[in-house]
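*Asks:* Quick one: this structure, given as structure tokens, is what I'll be asking you about.
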Amino acid sequence: MMDTTNTEKKKKRRIVIKVGTSSLIKADTGVIHLSQLAKICEQITELQKSSEFQCAIVTSGAVGAGMLQLGIKEKPKELQKRQALAAIGQAHLMHYYEDMFATLGVKTAQVLLTLENLSQKSQYNRAMNTFSSLFDYDVVPIVNENDTVAVEELRFGDNDTLSAHVASLISAEYLFLFTDVDGLYTSNPMKDPNAKRIQVVDDINKLMSEVDVASGAGSAGGTGGVGTKLTA
């Protein structure tokens, strides 16, 4: 009779889900999109509670949430002001995530990273070990850039790039970039009526020459766009 007491558990596949500002904050009112956030949390819970996957979230929206808290309509250009808004908004944002996931029976953890953390081997290894322990505890890490201490020269700059680094760090099999656009277009379909949807990407180098990546961020509080997603 075979002894199965020491049989190794089936290794779960890891997924990184990047949630953009436009998916979290309503463009017309600037308030948190609660129904959208609830749907995202429900889908991630389904994956997390399966026997196949472990999920990590890379979330944007801290600056937008900070603007909401202070009643600011226009995103400031000064880095220090954006950093202050991120500090205000991050706690607000985590409160929503924690409440949503707690209702669904899922534990969460906040992880704040800088490019410097992942550029130094010792810090990289510590971050990797922390994620590994969080997954062992069956906790969903919620990641954002540590804007308060990040300097201009050592910033990810956008969370599309951060999510790609996190996916590499935890050896994720999949990286999903959530957006408010229903596919990949030759230019921003919200601004260009002639934008064409691209169904299948066969050649990433050719694609970069066909797609207008200079459209900028898709929302007032965001920093990404199609260019950063293609790079990620």
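By order of appearance in the structure tokens: chains A, B, ..., then residues from 1 within every chain, and ligands from 1 in the order shown.
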Find the spatial neighbours of Leu93 of chain A, counting only C-alpha atoms, within a cut-off of 10 Å - ignore same-chain residues fewer than 5 positions away - and output them as a list in words.
*Replies:*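 My list of contacting residues is Leu24, Ile32, Thr59, Ser60, Gly61, Ala62, Val63, Gly64, Ala65, Gly66, Ala86, Ile88 and Glu98 of chain A.
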*Asks:* Quick one: pick out all strand (DSSP E) residues within segment 54-158 of chain A from a backbone DSSP run and write them as a ChimeraX atom specification.
*Replies:* /A:54-59,107-113,139-145
*Asks:* Measure the distance from atom CA of Asn159 of chain A to atom CA of Asp192 of chain A in Å and round it to one decimal.
*Replies:*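 Interatomic distance, atom CA of Asn159 of chain A to atom CA of Asp192 of chain A: 24.7 Å.
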*Asks:* For segment 165-174 of chain A, please output as a PyMOL selection string all residues within 6 Å (counting only C-alpha atoms; exclusion window: fewer than 2 positions along the same chain).
*Replies:* chain A and resi 14-16+162-163
*Asks:* Just to confirm, what's the straight-line distance from atom CA of Leu104 of chain A to atom CA of Val181 of chain A in Å (one decimal)?
*Replies:*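 Spanning atom CA of Leu104 of chain A to atom CA of Val181 of chain A is a straight-line distance of 27.2 Å.
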*Asks:* Would you mind telling me which residue in A:Val31, A:Ala109, A:Cys55, A:Val139 lies nearest to Gly89 of chain A when using only C-alpha atoms?
*Replies:*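 Ranked by minimum distance to Gly89 of chain A, first place goes to A:Val31.
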*Asks:* With distances taken over only C-alpha atoms, which residue among A:Tyr96, A:Phe131, A:Tyr185, A:Phe178 lies nearest Leu113 of chain A?
*Replies:*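 The answer is A:Phe131, which sits nearest to Leu113 of chain A.
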*Asks:* Between atom CA of Ala127 of chain A and atom CA of Asn146 of chain A, what is the distance in Å, rounded to a tenth?
*Replies:*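 Going from atom CA of Ala127 of chain A over to atom CA of Asn146 of chain A, I get 13.4 Å.
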